[in-house]
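What follows is the content of upload38.txt, which has compact mmCIF, C-alpha atoms:
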```
# COMPACT_ATOMS: atom_id res chain seq x y z
CA MET B 1376 10.04 14.14 1.19
CA SER B 1377 6.97 11.88 1.19
CA ASP B 1378 6.89 8.49 2.86
CA VAL B 1379 6.55 6.84 -0.55
CA THR B 1380 9.60 8.61 -1.97
CA ALA B 1381 11.70 7.87 1.10
CA LEU B 1382 10.75 4.21 1.32
CA ALA B 1383 11.11 3.64 -2.43
CA GLY B 1384 14.60 5.11 -2.18
CA LYS B 1385 15.41 2.88 0.78
CA ALA B 1386 14.18 -0.14 -1.16
CA LEU B 1387 16.53 0.71 -4.02
CA GLU B 1388 19.46 0.96 -1.61
CA LEU B 1389 18.59 -2.37 0.02
CA ASP B 1390 18.23 -4.11 -3.35
CA THR B 1391 21.57 -2.72 -4.51
CA ALA B 1392 23.29 -4.14 -1.42
CA ASP B 1393 21.45 -7.48 -1.52
CA GLU B 1394 23.95 -10.32 -1.95
CA LEU B 1395 21.14 -12.77 -2.75
CA GLY B 1396 19.47 -10.54 -5.33
CA LYS B 1397 21.17 -12.27 -8.26
CA LEU B 1398 19.40 -15.52 -7.37
CA ARG B 1399 16.11 -14.17 -8.68
CA GLU B 1400 17.17 -14.98 -12.24
CA ARG B 1401 17.15 -18.68 -11.32
CA PHE B 1402 13.33 -18.61 -11.12
CA VAL B 1403 10.39 -18.20 -13.47
CA LEU B 1404 8.77 -14.95 -12.33
CA ASP B 1405 6.76 -12.04 -13.74
CA ASP B 1406 5.60 -8.61 -12.59
CA THR B 1407 3.39 -10.08 -9.88
CA VAL B 1408 4.60 -9.47 -6.34
CA TYR B 1409 4.57 -13.06 -5.15
CA LEU B 1410 4.16 -13.26 -1.37
CA ASP B 1411 2.81 -16.79 -1.21
CA GLY B 1412 6.02 -18.81 -1.43
CA ASN B 1413 5.25 -20.08 2.06
CA SER B 1414 2.40 -22.02 0.39
CA LEU B 1415 3.97 -22.84 -2.99
CA GLY B 1416 7.46 -21.82 -4.01
CA ALA B 1417 8.20 -20.37 -7.44
CA LEU B 1418 9.43 -22.57 -10.28
CA PRO B 1419 13.22 -22.76 -10.68
CA ALA B 1420 13.92 -21.99 -14.34
CA HIS B 1421 15.95 -25.12 -15.10
CA VAL B 1422 13.43 -27.62 -13.71
CA PRO B 1423 11.25 -28.06 -16.85
CA GLY B 1424 14.26 -29.17 -18.88
CA ARG B 1425 15.33 -31.63 -16.23
CA VAL B 1426 11.84 -33.06 -15.92
CA GLU B 1427 11.66 -33.42 -19.70
CA ASP B 1428 14.82 -35.53 -19.56
CA VAL B 1429 13.31 -37.71 -16.84
CA VAL B 1430 10.17 -38.25 -18.90
CA ARG B 1431 11.59 -38.57 -22.39
CA ARG B 1432 14.93 -40.30 -21.83
CA GLN B 1433 14.91 -41.95 -18.41
CA TRP B 1434 11.32 -43.18 -18.61
CA GLY B 1435 10.76 -43.09 -22.37
CA GLU B 1436 14.02 -44.70 -23.49
CA LEU B 1437 15.63 -46.46 -20.54
CA ARG B 1438 12.35 -47.46 -18.95
CA ILE B 1439 12.90 -50.07 -16.15
CA ARG B 1440 16.68 -49.67 -16.46
CA SER B 1441 16.41 -46.20 -14.91
CA TRP B 1442 15.85 -47.68 -11.47
CA THR B 1443 19.57 -48.47 -11.51
CA GLU B 1444 21.11 -46.57 -14.42
CA SER B 1445 19.39 -43.26 -13.62
CA GLY B 1446 19.58 -43.68 -9.86
CA TRP B 1447 15.86 -43.86 -9.24
CA TRP B 1448 16.16 -46.45 -6.50
CA THR B 1449 18.54 -44.39 -4.38
CA ALA B 1450 16.77 -41.06 -4.96
CA PRO B 1451 14.97 -40.88 -1.56
CA GLU B 1452 18.21 -40.99 0.42
CA ARG B 1453 20.25 -39.01 -2.12
CA ILE B 1454 17.77 -36.14 -2.14
CA GLY B 1455 17.49 -36.38 1.63
CA ASP B 1456 21.20 -35.69 1.81
CA ARG B 1457 20.64 -32.59 -0.35
CA ILE B 1458 18.05 -31.29 2.12
CA ALA B 1459 20.12 -32.18 5.20
CA PRO B 1460 22.41 -29.10 5.24
CA LEU B 1461 19.40 -26.82 4.85
CA VAL B 1462 18.00 -28.08 8.17
CA GLY B 1463 21.31 -28.54 9.99
CA ALA B 1464 21.68 -32.30 9.69
CA ALA B 1465 24.51 -34.57 8.69
CA GLY B 1466 23.92 -36.97 5.83
CA GLY B 1467 22.26 -40.33 6.22
CA GLN B 1468 19.41 -39.13 8.44
CA ILE B 1469 16.76 -37.88 6.00
CA VAL B 1470 14.66 -39.87 3.55
CA VAL B 1471 12.39 -38.19 1.00
CA GLY B 1472 9.00 -39.61 0.10
CA ASP B 1473 5.29 -39.63 0.90
CA SER B 1474 3.38 -36.56 2.08
CA THR B 1475 3.98 -34.50 5.20
CA SER B 1476 0.86 -36.03 6.72
CA VAL B 1477 2.09 -39.59 6.19
CA ASN B 1478 5.49 -38.70 7.62
CA VAL B 1479 3.91 -37.08 10.67
CA PHE B 1480 2.08 -40.36 11.26
CA LYS B 1481 5.25 -42.41 10.87
CA ALA B 1482 7.21 -40.10 13.14
CA LEU B 1483 4.61 -39.76 15.89
CA VAL B 1484 3.79 -43.46 16.21
CA GLY B 1485 7.50 -44.23 15.90
CA ALA B 1486 8.19 -41.74 18.69
CA VAL B 1487 5.70 -43.43 21.04
CA ARG B 1488 7.37 -46.77 20.32
CA LEU B 1489 10.79 -45.26 20.98
CA ALA B 1490 9.61 -43.84 24.31
CA GLY B 1491 8.82 -47.32 25.59
CA GLU B 1492 6.64 -48.80 28.31
CA GLY B 1493 4.98 -46.65 30.94
CA ARG B 1494 4.68 -43.57 28.76
CA ASP B 1495 1.15 -43.13 27.51
CA GLU B 1496 0.69 -39.45 26.75
CA ILE B 1497 1.22 -37.41 23.59
CA LEU B 1498 1.50 -33.63 23.75
CA VAL B 1499 0.58 -31.76 20.59
CA ASP B 1500 0.73 -28.11 19.60
CA ALA B 1501 -2.85 -26.87 20.00
CA THR B 1502 -2.23 -24.16 17.38
CA THR B 1503 -0.84 -26.63 14.85
CA PHE B 1504 -1.82 -27.00 11.22
CA PRO B 1505 -5.05 -29.03 11.40
CA THR B 1506 -3.70 -32.20 9.76
CA ASP B 1507 -1.01 -32.57 12.44
CA GLY B 1508 -3.75 -32.47 15.05
CA TYR B 1509 -5.90 -34.99 13.21
CA ILE B 1510 -2.99 -37.40 12.89
CA ALA B 1511 -1.95 -36.91 16.50
CA GLU B 1512 -5.48 -37.80 17.61
CA SER B 1513 -5.46 -40.94 15.45
CA ALA B 1514 -1.96 -41.91 16.61
CA ALA B 1515 -3.06 -41.53 20.23
CA ARG B 1516 -6.03 -43.86 19.67
CA MET B 1517 -3.88 -46.44 17.91
CA THR B 1518 -1.16 -46.45 20.56
CA GLY B 1519 -3.45 -46.25 23.57
CA CYS B 1520 -2.15 -42.84 24.55
CA THR B 1521 -3.91 -39.80 25.93
CA LEU B 1522 -3.65 -36.72 23.73
CA ARG B 1523 -3.08 -33.32 25.33
CA PRO B 1524 -3.30 -30.28 23.05
CA LEU B 1525 -1.26 -27.39 24.49
CA THR B 1526 0.33 -24.20 23.31
CA PRO B 1527 4.11 -24.55 22.88
CA ALA B 1528 4.61 -22.21 25.85
CA GLU B 1529 2.66 -24.64 28.05
CA VAL B 1530 4.65 -27.70 27.03
CA PRO B 1531 7.57 -27.48 29.51
CA GLY B 1532 5.20 -27.34 32.45
CA ALA B 1533 3.17 -30.29 31.17
CA LEU B 1534 6.05 -32.71 30.61
CA GLY B 1535 6.32 -35.64 32.95
CA ASP B 1536 7.22 -39.30 33.30
CA ARG B 1537 4.08 -40.28 31.35
CA THR B 1538 4.98 -38.17 28.33
CA ALA B 1539 5.88 -40.31 25.34
CA ALA B 1540 6.08 -37.86 22.46
CA VAL B 1541 5.71 -34.15 21.76
CA LEU B 1542 4.68 -32.88 18.31
CA LEU B 1543 5.41 -29.21 17.68
CA ASN B 1544 5.53 -26.79 14.75
CA HIS B 1545 8.72 -24.77 14.38
CA VAL B 1546 6.78 -21.84 12.88
CA ASP B 1547 3.07 -21.22 13.40
CA TYR B 1548 1.45 -21.37 9.98
CA ARG B 1549 -1.11 -18.64 10.78
CA THR B 1550 0.88 -16.04 12.67
CA GLY B 1551 4.45 -16.72 11.62
CA ARG B 1552 5.57 -17.07 15.24
CA LEU B 1553 8.89 -18.91 15.52
CA HIS B 1554 8.95 -21.27 18.49
CA ASP B 1555 12.07 -21.94 20.56
CA LEU B 1556 13.20 -25.27 19.11
CA PRO B 1557 16.43 -25.53 21.16
CA ALA B 1558 14.78 -24.88 24.53
CA LEU B 1559 11.69 -26.98 23.87
CA THR B 1560 13.74 -29.88 22.52
CA ALA B 1561 15.96 -29.77 25.58
CA ALA B 1562 12.92 -29.79 27.87
CA VAL B 1563 11.43 -32.79 26.07
CA ARG B 1564 14.73 -34.66 26.27
CA ALA B 1565 15.13 -33.89 29.98
CA ALA B 1566 11.70 -35.41 30.59
CA GLY B 1567 12.71 -38.61 28.79
CA ALA B 1568 10.23 -38.06 25.98
CA VAL B 1569 10.74 -38.00 22.20
CA SER B 1570 10.54 -34.77 20.19
CA VAL B 1571 8.88 -34.54 16.78
CA TRP B 1572 9.16 -31.23 14.90
CA ASP B 1573 7.18 -30.08 11.87
CA LEU B 1574 9.51 -27.90 9.78
CA CYS B 1575 7.14 -27.03 6.93
CA HIS B 1576 7.34 -23.28 7.53
CA SER B 1577 10.99 -23.05 8.54
CA ALA B 1578 13.09 -25.29 6.27
CA GLY B 1579 14.62 -23.11 3.59
CA ALA B 1580 13.77 -19.90 5.41
CA LEU B 1581 15.92 -20.01 8.53
CA PRO B 1582 18.51 -22.18 10.32
CA VAL B 1583 16.97 -25.19 12.08
CA GLY B 1584 19.92 -27.01 13.66
CA LEU B 1585 18.44 -30.51 13.98
CA ASP B 1586 21.73 -32.17 14.91
CA GLU B 1587 23.03 -29.30 16.99
CA HIS B 1588 19.93 -29.19 19.18
CA GLY B 1589 19.41 -32.93 19.51
CA VAL B 1590 16.05 -33.17 17.78
CA ASP B 1591 14.84 -36.77 17.72
CA LEU B 1592 12.49 -36.82 14.73
CA ALA B 1593 11.36 -34.20 12.23
CA VAL B 1594 9.21 -33.92 9.13
CA GLY B 1595 8.71 -31.27 6.50
CA CYS B 1596 7.30 -30.49 3.10
CA THR B 1597 9.36 -29.40 0.10
CA TYR B 1598 6.93 -27.30 -1.95
CA LYS B 1599 7.20 -24.10 0.10
CA TYR B 1600 10.63 -22.52 0.64
CA LEU B 1601 12.39 -25.48 -1.02
CA ASN B 1602 10.49 -24.85 -4.29
CA GLY B 1603 9.94 -28.52 -5.11
CA GLY B 1604 6.64 -28.00 -6.93
CA PRO B 1605 2.98 -28.69 -6.11
CA GLY B 1606 2.63 -31.90 -4.12
CA SER B 1607 6.36 -32.58 -4.12
CA PRO B 1608 7.32 -35.32 -1.66
CA ALA B 1609 7.98 -34.57 1.98
CA TYR B 1610 10.82 -35.86 4.13
CA LEU B 1611 11.45 -37.65 7.42
CA TYR B 1612 14.46 -37.07 9.68
CA VAL B 1613 15.44 -39.77 12.17
CA ARG B 1614 18.50 -38.94 14.26
CA SER B 1615 21.30 -41.38 13.52
CA ASP B 1616 21.55 -42.89 17.01
CA LEU B 1617 17.80 -43.65 17.01
CA GLN B 1618 17.63 -45.29 13.60
CA SER B 1619 18.32 -48.83 14.78
CA ARG B 1620 15.33 -48.57 17.15
CA PHE B 1621 12.96 -46.62 14.91
CA ASP B 1622 9.93 -48.86 14.37
CA SER B 1623 7.82 -47.41 11.59
CA PRO B 1624 4.08 -48.06 11.74
CA LEU B 1625 4.13 -48.31 7.94
CA PRO B 1626 6.66 -51.03 7.08
CA GLY B 1627 6.88 -51.51 3.34
CA TRP B 1628 8.93 -53.45 0.88
CA ASN B 1629 11.08 -50.38 0.17
CA SER B 1630 12.27 -50.25 3.78
CA HIS B 1631 12.91 -54.00 4.04
CA ALA B 1632 16.48 -55.17 4.62
CA GLU B 1633 16.08 -57.24 1.44
CA PRO B 1634 13.49 -55.39 -0.64
CA PHE B 1635 13.75 -57.78 -3.55
CA GLY B 1636 13.85 -60.88 -1.37
CA MET B 1637 10.04 -60.83 -1.22
CA ARG B 1638 10.07 -62.45 2.19
CA PRO B 1639 6.77 -62.92 4.08
CA SER B 1640 8.26 -61.56 7.31
CA TYR B 1641 9.48 -58.00 7.72
CA GLU B 1642 13.01 -57.05 8.67
CA ALA B 1643 13.82 -53.34 8.66
CA GLY B 1644 16.74 -52.05 6.65
CA ASP B 1645 19.53 -49.96 8.12
CA GLY B 1646 19.69 -46.19 8.40
CA ALA B 1647 17.36 -43.59 6.93
CA VAL B 1648 15.87 -46.21 4.60
CA ARG B 1649 13.66 -47.27 7.52
CA GLY B 1650 11.49 -44.27 6.74
CA ARG B 1651 10.60 -45.56 3.29
CA VAL B 1652 7.35 -47.41 2.57
CA GLY B 1653 6.49 -48.12 -1.05
CA THR B 1654 7.61 -47.21 -4.55
CA PRO B 1655 8.90 -43.61 -4.67
CA ASP B 1656 6.99 -41.02 -6.71
CA ILE B 1657 9.83 -40.57 -9.15
CA LEU B 1658 8.56 -37.75 -11.38
CA SER B 1659 7.89 -35.31 -8.55
CA MET B 1660 10.89 -36.53 -6.59
CA LEU B 1661 13.31 -35.82 -9.42
CA ALA B 1662 11.68 -32.44 -10.06
CA LEU B 1663 12.46 -31.67 -6.41
CA GLU B 1664 16.04 -32.85 -6.83
CA ALA B 1665 16.48 -30.46 -9.74
CA ALA B 1666 14.85 -27.61 -7.81
CA LEU B 1667 17.33 -28.00 -4.96
CA ASP B 1668 20.10 -26.91 -7.32
CA VAL B 1669 19.11 -23.30 -6.68
CA TRP B 1670 20.54 -23.74 -3.19
CA ASP B 1671 24.05 -24.49 -4.44
CA GLY B 1672 26.42 -22.00 -2.82
CA VAL B 1673 23.66 -20.35 -0.77
CA SER B 1674 24.11 -19.81 2.96
CA VAL B 1675 21.06 -20.43 5.14
CA ASP B 1676 22.37 -17.75 7.50
CA ALA B 1677 22.35 -15.24 4.63
CA VAL B 1678 18.81 -16.31 3.78
CA ARG B 1679 17.74 -15.73 7.37
CA ALA B 1680 19.36 -12.30 7.48
CA LYS B 1681 17.53 -11.24 4.32
CA SER B 1682 14.27 -12.75 5.55
CA LEU B 1683 14.37 -10.60 8.66
CA ALA B 1684 15.33 -7.54 6.63
CA LEU B 1685 12.41 -8.13 4.23
CA THR B 1686 9.85 -8.60 6.99
CA ASP B 1687 11.21 -5.62 8.95
CA PHE B 1688 10.95 -3.44 5.86
CA PHE B 1689 7.44 -4.64 5.06
CA LEU B 1690 6.27 -3.81 8.57
CA GLU B 1691 7.94 -0.39 8.29
CA CYS B 1692 6.14 0.29 5.00
CA VAL B 1693 2.80 -0.91 6.36
CA GLU B 1694 3.16 1.39 9.34
CA ALA B 1695 3.92 4.32 7.04
CA TYR B 1696 1.22 3.67 4.42
CA VAL B 1697 -1.71 2.07 6.23
CA PRO B 1698 -3.88 4.22 8.51
CA ALA B 1699 -3.41 3.42 12.18
CA GLY B 1700 -5.79 0.76 13.47
CA ARG B 1701 -6.76 -0.54 10.02
CA VAL B 1702 -4.66 -3.71 10.42
CA GLU B 1703 -2.94 -5.38 13.33
CA SER B 1704 0.23 -7.45 13.01
CA VAL B 1705 -0.07 -10.79 14.79
CA THR B 1706 3.48 -11.75 13.84
CA PRO B 1707 5.98 -11.13 16.66
CA ALA B 1708 8.21 -8.10 16.24
CA ALA B 1709 11.15 -9.80 17.96
CA HIS B 1710 13.48 -11.47 15.46
CA ALA B 1711 13.96 -14.50 17.69
CA GLU B 1712 10.21 -15.13 17.56
CA ARG B 1713 9.55 -14.46 13.86
CA GLY B 1714 9.58 -16.87 10.96
CA SER B 1715 9.61 -15.66 7.33
CA GLN B 1716 6.08 -14.35 7.05
CA VAL B 1717 3.95 -11.49 8.28
CA ALA B 1718 0.32 -11.99 9.28
CA LEU B 1719 -1.93 -8.97 9.49
CA ARG B 1720 -5.36 -9.08 11.06
CA ALA B 1721 -8.22 -7.20 9.40
CA ASP B 1722 -11.96 -7.72 9.78
CA ASP B 1723 -12.40 -7.82 6.00
CA ALA B 1724 -9.24 -9.83 5.29
CA GLY B 1725 -10.87 -12.23 2.83
CA ALA B 1726 -12.21 -9.48 0.59
CA VAL B 1727 -9.00 -7.49 0.83
CA MET B 1728 -6.88 -10.45 -0.26
CA GLU B 1729 -9.13 -10.98 -3.26
CA ARG B 1730 -8.55 -7.34 -4.22
CA LEU B 1731 -4.78 -7.66 -3.75
CA ILE B 1732 -4.52 -10.74 -5.94
CA ALA B 1733 -6.58 -9.05 -8.65
CA VAL B 1734 -4.05 -6.21 -8.87
CA GLY B 1735 -0.94 -8.39 -8.78
CA VAL B 1736 0.04 -8.76 -5.12
CA VAL B 1737 -0.38 -12.41 -4.20
CA GLY B 1738 -0.59 -13.44 -0.57
CA ASP B 1739 -3.23 -15.61 1.07
CA PHE B 1740 -6.13 -15.48 3.50
CA ARG B 1741 -6.50 -17.55 6.64
CA ALA B 1742 -9.90 -17.61 8.31
CA PRO B 1743 -11.32 -15.77 9.97
CA ASP B 1744 -9.40 -12.53 9.58
CA VAL B 1745 -5.73 -12.99 8.65
CA LEU B 1746 -3.87 -11.61 5.64
CA ARG B 1747 -0.77 -13.79 5.33
CA PHE B 1748 2.34 -12.74 3.41
CA GLY B 1749 5.31 -15.04 2.91
CA PHE B 1750 8.80 -13.66 2.25
CA THR B 1751 11.07 -15.86 0.15
CA PRO B 1752 14.59 -14.43 0.23
CA LEU B 1753 15.89 -16.34 -2.81
CA TYR B 1754 13.71 -14.41 -5.23
CA LEU B 1755 11.97 -11.53 -3.47
CA GLY B 1756 13.34 -7.99 -3.55
CA PHE B 1757 12.83 -4.93 -1.39
CA ALA B 1758 11.22 -2.83 -4.12
CA GLU B 1759 8.55 -5.52 -4.42
CA VAL B 1760 7.99 -5.37 -0.68
CA GLU B 1761 7.53 -1.59 -0.80
CA ARG B 1762 5.10 -1.96 -3.72
CA ALA B 1763 3.13 -4.63 -1.88
CA ALA B 1764 2.67 -2.45 1.19
CA ARG B 1765 1.63 0.52 -0.95
CA VAL B 1766 -0.91 -1.54 -2.88
CA LEU B 1767 -2.17 -3.04 0.39
CA ALA B 1768 -2.85 0.45 1.72
CA ASP B 1769 -4.72 1.35 -1.47
CA GLN B 1770 -6.87 -1.78 -1.37
CA LEU B 1771 -7.65 -1.41 2.31
CA ALA B 1772 -8.86 2.11 1.59
CA ALA B 1773 -10.93 0.93 -1.38
CA ALA B 1774 -12.46 -1.91 0.65
CA ALA B 1775 -13.47 0.51 3.39
CA ALA B 1776 -14.97 3.07 1.00
```

Starting from the file, give its structure as structure tokens.
Amino acid sequence: MSDVTALAGKALELDTADELGKLRERFVLDDTVYLDGNSLGALPAHVPGRVEDVVRRQWGELRIRSWTESGWWTAPERIGDRIAPLVGAAGGQIVVGDSTSVNVFKALVGAVRLAGEGRDEILVDATTFPTDGYIAESAARMTGCTLRPLTPAEVPGALGDRTAAVLLNHVDYRTGRLHDLPALTAAVRAAGAVSVWDLCHSAGALPVGLDEHGVDLAVGCTYKYLNGGPGSPAYLYVRSDLQSRFDSPLPGWNSHAEPFGMRPSYEAGDGAVRGRVGTPDILSMLALEAALDVWDGVSVDAVRAKSLALTDFFLECVEAYVPAGRVESVTPAAHAERGSQVALRADDAGAVMERLIAVGVVGDFRAPDVLRFGFTPLYLGFAEVERAARVLADQLAAAAA
């Protein structure tokens, strides 16, 4: 029996046993093998109808009345409570709004202020998504702190009584490496510093456990594994016992204790509302709220189990189909160190990804030499994974010819 026949048969068996397989029908999909949901999630099928109602009825007919009658005003906290169980948080700790970048800024400066006097150093993941690094550098200048870029593995040894805040990514966006959030958070706490986690590549793909592990502050986007749509608003988590002391660097009328009092002096509101700034982006926010319906009745643990099964199977297929030495996986093999993507290094990665997309296997390229494939358990099947690996082998051969 050939490798292709054996692995295609295995894919069929895995799809037959897949308890999440029925969720695929909740999305708008075609024959493309879509392995870029870690950049932009697929469209949930019911969202267009819900958005039409927001535009035609809530905005078109009710107009200003929708701030109260359609619940627009309370949407940031309400939707935050929908996201909370997906990242292991109790309600009342997450507010939705603004971009990830803006929320990183709010969280990092807020963390320095929470840390208090005598702490003048920020540690930042040196391998982070570039924007996090840019914002960390700006936050350090604004707060008078020294910025120290380090790998996550170096963080425990660098913590000290000067450390104010530590900004880390839960999953490395290039390699898919999953960092040890529980251990790193505990180390930051033991040093008296404040932890800030970027969950963009983990929320909706694996258990996070914000409350369980005592994370102080966290941010994340909603357009990847949460399928909120392009540019959908991000979110900010502030642990409940820190909320009364959280001092946002972007105080706005929406976070005021009396937002319609129009007072010249600022007084922060109570709870998660402190993370708000200005008028919420209602159209994209309510599209996100609708998209989150696909998570009803879905276990994050089941999602994680399928994610690992998908990535294991992809690596198995790549090993069987791709000539030895043609690509190198830079994603850890150990489950405890792997997010929900596989990154393969190839000298001609950019050209190969162009070829893959042209024949219906969509991943993405990260300079200088990484083929990145995201695995979204809500709508990806094992037969698609086998097909993707087979097509990858074909295109690698064609590119080398």

Do you know which residues are at most 6 Å from stretch 1751-1767 of chain B counting all atoms listed in the file, after dropping those on the same chain fewer than 2 positions away, and could you put them as an mmCIF file with C-alpha atoms, in the frame of the given file?
```cif
data_model
loop_
_atom_site.group_PDB
_atom_site.id
_atom_site.type_symbol
_atom_site.label_atom_id
_atom_site.label_comp_id
_atom_site.auth_asym_id
_atom_site.auth_seq_id
_atom_site.Cartn_x
_atom_site.Cartn_y
_atom_site.Cartn_z
ATOM 1 C CA ALA B 1386 14.180 -0.140 -1.160
ATOM 2 C CA ASP B 1390 18.230 -4.110 -3.350
ATOM 3 C CA LEU B 1398 19.400 -15.520 -7.370
ATOM 4 C CA ARG B 1399 16.110 -14.170 -8.680
ATOM 5 C CA VAL B 1408 4.600 -9.470 -6.340
ATOM 6 C CA VAL B 1678 18.810 -16.310 3.780
ATOM 7 C CA LYS B 1681 17.530 -11.240 4.320
ATOM 8 C CA SER B 1682 14.270 -12.750 5.550
ATOM 9 C CA PHE B 1689 7.440 -4.640 5.060
ATOM 10 C CA CYS B 1692 6.140 0.290 5.000
ATOM 11 C CA VAL B 1693 2.800 -0.910 6.360
ATOM 12 C CA ASP B 1769 -4.720 1.350 -1.470
ATOM 13 C CA GLN B 1770 -6.870 -1.780 -1.370
#
```

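Residues in contact range of B:Asp1723, defined as at most 10 Å between all atoms listed in the file, with sequence neighbours fewer than 4 positions away removed, read B:Val1702, B:Val1727, B:Met1728, B:Pro1743, B:Asp1744, B:Val1745, B:Leu1746, B:Leu1771, B:Ala1774, B:Ala1775.
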
Separation of atom CA of B:Ala1465 from atom CA of B:Arg1679 in Å: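 Separation between atom CA of B:Arg1679 and atom CA of B:Ala1465: 20.1 Å.
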
For atom CA of B:Asp1393 and atom CA of B:Asp1676, the interatomic separation in Å (one decimal): 13.7 Å

Test item: residues at most 9 Å from stretch 1483-1492 of chain B, only C-alpha atoms, excluding those fewer than 3 positions along its chain, as number ranges by chain: B: 1478-1480, 1495-1497, 1510-1511, 1514-1515, 1517-1518, 1520, 1538-1542, 1567-1571, 1591-1592, 1617, 1620-1624

Produce a file of the selected residues containing C-alpha atoms, as an mmCIF file, in the coordinates of the input.
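part-v4.cif, freshly written:
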```
data_model
loop_
_atom_site.group_PDB
_atom_site.id
_atom_site.type_symbol
_atom_site.label_atom_id
_atom_site.label_comp_id
_atom_site.auth_asym_id
_atom_site.auth_seq_id
_atom_site.Cartn_x
_atom_site.Cartn_y
_atom_site.Cartn_z
ATOM 1 C CA ASN B 1478 5.490 -38.700 7.620
ATOM 2 C CA VAL B 1479 3.910 -37.080 10.670
ATOM 3 C CA PHE B 1480 2.080 -40.360 11.260
ATOM 4 C CA ASP B 1495 1.150 -43.130 27.510
ATOM 5 C CA GLU B 1496 0.690 -39.450 26.750
ATOM 6 C CA ILE B 1497 1.220 -37.410 23.590
ATOM 7 C CA ILE B 1510 -2.990 -37.400 12.890
ATOM 8 C CA ALA B 1511 -1.950 -36.910 16.500
ATOM 9 C CA ALA B 1514 -1.960 -41.910 16.610
ATOM 10 C CA ALA B 1515 -3.060 -41.530 20.230
ATOM 11 C CA MET B 1517 -3.880 -46.440 17.910
ATOM 12 C CA THR B 1518 -1.160 -46.450 20.560
ATOM 13 C CA CYS B 1520 -2.150 -42.840 24.550
ATOM 14 C CA THR B 1538 4.980 -38.170 28.330
ATOM 15 C CA ALA B 1539 5.880 -40.310 25.340
ATOM 16 C CA ALA B 1540 6.080 -37.860 22.460
ATOM 17 C CA VAL B 1541 5.710 -34.150 21.760
ATOM 18 C CA LEU B 1542 4.680 -32.880 18.310
ATOM 19 C CA GLY B 1567 12.710 -38.610 28.790
ATOM 20 C CA ALA B 1568 10.230 -38.060 25.980
ATOM 21 C CA VAL B 1569 10.740 -38.000 22.200
ATOM 22 C CA SER B 1570 10.540 -34.770 20.190
ATOM 23 C CA VAL B 1571 8.880 -34.540 16.780
ATOM 24 C CA ASP B 1591 14.840 -36.770 17.720
ATOM 25 C CA LEU B 1592 12.490 -36.820 14.730
ATOM 26 C CA LEU B 1617 17.800 -43.650 17.010
ATOM 27 C CA ARG B 1620 15.330 -48.570 17.150
ATOM 28 C CA PHE B 1621 12.960 -46.620 14.910
ATOM 29 C CA ASP B 1622 9.930 -48.860 14.370
ATOM 30 C CA SER B 1623 7.820 -47.410 11.590
ATOM 31 C CA PRO B 1624 4.080 -48.060 11.740
#
```

Where's the centre, and what are the edge lengths in Å to one decimal, of a box along x, y and z enclosing all listed atoms of stretch 1592-1605 of chain B padded 6 Å per side, as JSON?
```
{"center_x": 7.7, "center_y": -29.7, "center_z": 3.9, "size_x": 21.5, "size_y": 26.3, "size_z": 33.7}
```

Selected residue of minimal separation from B:Pro1608 among B:Arg1432, B:His1554, B:Arg1651, B:Arg1438, counting all atoms listed in the file: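 Among the listed residues, B:Arg1651 lies closest to B:Pro1608.
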
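Straight-line separation from atom CA of B:His1545 to atom CA of B:Ala1580: 11.4 Å.
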
Closest of B:Ala1665, B:Ser1715, B:Phe1740, B:Arg1720 to B:Val1426 - atom-to-atom distances counting all atoms listed in the file: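 Smallest distance to B:Val1426 is found for B:Ala1665.
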
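Closest approach to B:Tyr1409 among B:Gly1749, B:Pro1557, B:Gly1606, B:Pro1634: B:Gly1749, based on all atoms listed in the file.
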
Contacts of stretch 1670-1756 of chain B with stretch 1379-1385 of chain B up to 10 Å, shortest pair per row, only C-alpha atoms, as a Markdown table:
```
| residue | atom | partner | partner_atom | distance |
| --- | --- | --- | --- | --- |
| B:Phe1688 | CA | B:Leu1382 | CA | 8.9 |
| B:Glu1691 | CA | B:Leu1382 | CA | 8.8 |
| B:Cys1692 | CA | B:Leu1382 | CA | 7.1 |
| B:Ala1695 | CA | B:Val1379 | CA | 8.4 |
| B:Tyr1696 | CA | B:Val1379 | CA | 7.9 |
```

B:Arg1494, B:Pro1698, B:Thr1560, B:Leu1395 ranked by distance to B:Val1673, top pick (using all atoms listed in the file):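 Smallest distance to B:Val1673 is found for B:Leu1395.
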
Add whatever atoms are absent from stretch 1502-1507 of chain B to reach N, CA and C atoms, and provide the output as a compact mmCIF listing (two decimals), in the coordinates of the input.
```txt
# COMPACT_ATOMS: atom_id res chain seq x y z
N THR B 1502 -2.07 -25.14 18.46
CA THR B 1502 -2.23 -24.16 17.38
C THR B 1502 -1.71 -24.71 16.05
N THR B 1503 -1.48 -26.01 16.01
CA THR B 1503 -0.84 -26.63 14.85
C THR B 1503 -1.71 -26.57 13.60
N PHE B 1504 -1.07 -26.81 12.45
CA PHE B 1504 -1.82 -27.00 11.22
C PHE B 1504 -2.78 -28.17 11.44
N PRO B 1505 -4.04 -28.04 11.02
CA PRO B 1505 -5.05 -29.03 11.40
C PRO B 1505 -4.66 -30.49 11.17
N THR B 1506 -4.02 -30.80 10.04
CA THR B 1506 -3.70 -32.20 9.76
C THR B 1506 -2.82 -32.80 10.85
N ASP B 1507 -1.86 -32.04 11.37
CA ASP B 1507 -1.01 -32.57 12.44
C ASP B 1507 -1.86 -32.96 13.64
```
